[in-house]
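Structure first, then comments.
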Amino acid sequence: AARAFASLPRASRAFERRTMSDSSATTNANYGCEGELCNFGWVEVLTHISPYWWGNLGVAFGLGLSVLGAAWGIWITGSSLVGAAIKAPRIRSKNLVSVIFCEATAIYGVIIAIILMTHISEPEARFSRIQADSWDWNTFFYAGYAVFAAGLGVGLTNLASGISVGIAGSSCALADAQNGDLFVKMLIVEIFASALGIFGIIVGIIMSNDAEFPE
């Protein structure tokens with residue numbers, strides 16, 4: 001095909017390029033694009049990304065950031081717990097509750113990822129109809145953005161919650177090693193830090209309730 005195109009006269013090749021350019025411009029106009037590749041500025045780029053991509057990215061953020069927060073918190077509190085238990089072995093068992101609170105943030109991420117995946121429909125059967133005039137574009141993009149925002153919101157709150165629980169758990173282990181009476185008081189601080197993740201998943205579920213991709 002390339003050799004055949006190169007063998008054409010120069011005027012014919014120019015006509016072919018102009019025809020292809022006009023056809024591309026017409027197609028882009030149908031998409032509401034100014035740029036040849038729908039890349040005329042960030043607004044045009046972001047508004048022409050597939051909502052399926054936004055939805056799956058939200059699931060990835062919701063799960064990935066939650067696990068990151070849990071791992072970070074366990075790293076902080078676990079290292080302090082093991083170090084303090086050398087001098088005060090009695091703190092080993094009861095301070096494991098700090099590790100459990102950190103792990104809960106990862107569980108929240110798994111829960112929201114499963115919930116969001118139920119809102120993302122299989123797209124294969126729709127590709128032949130996706131450019132139809134009757135296609136519900138508003139619902140299509142709303143579903144993608146809602147799933148993305150819900151996943152990102154839950155992921156960030158769980159990341160903050162996991163780090164917060166980890167720091168509080170580390171302090172709890174060190175304080176308990178010095179004075180056993182401080183354990184209950186520090187445990188209350190950890191409970192409030194862990195509650196941040198619950199707030200995030202509640203709001204995330206509410207945000208994604210109406211996120212249904214069009215049939």
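Within each chain, counting starts at residue 1; across the structure tokens, chains are named A, B, ... in the order shown, with ligands numbered 1 upward in that order.
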
With a distance cut-off of 10 Å and only C-alpha atoms, select the neighbouring residues of range 172-175 of chain A, excluding the residue or stretch itself and same-chain residues fewer than 5 positions from it, and output the selection as a PyMOL selection string. chain A and resi 77-85+88+91-92+94-96+98+166-167+180-187+189-190

Residue among A:Thr157, A:Ser194, A:Ser66, A:Thr105 lying closest to Gly169 in chain A, counting only C-alpha atoms: A:Ser194

Tell me, in Å to one decimal, how far CA of Lys87 in chain A is from CA of Asp176 in chain A. 11.3 Å
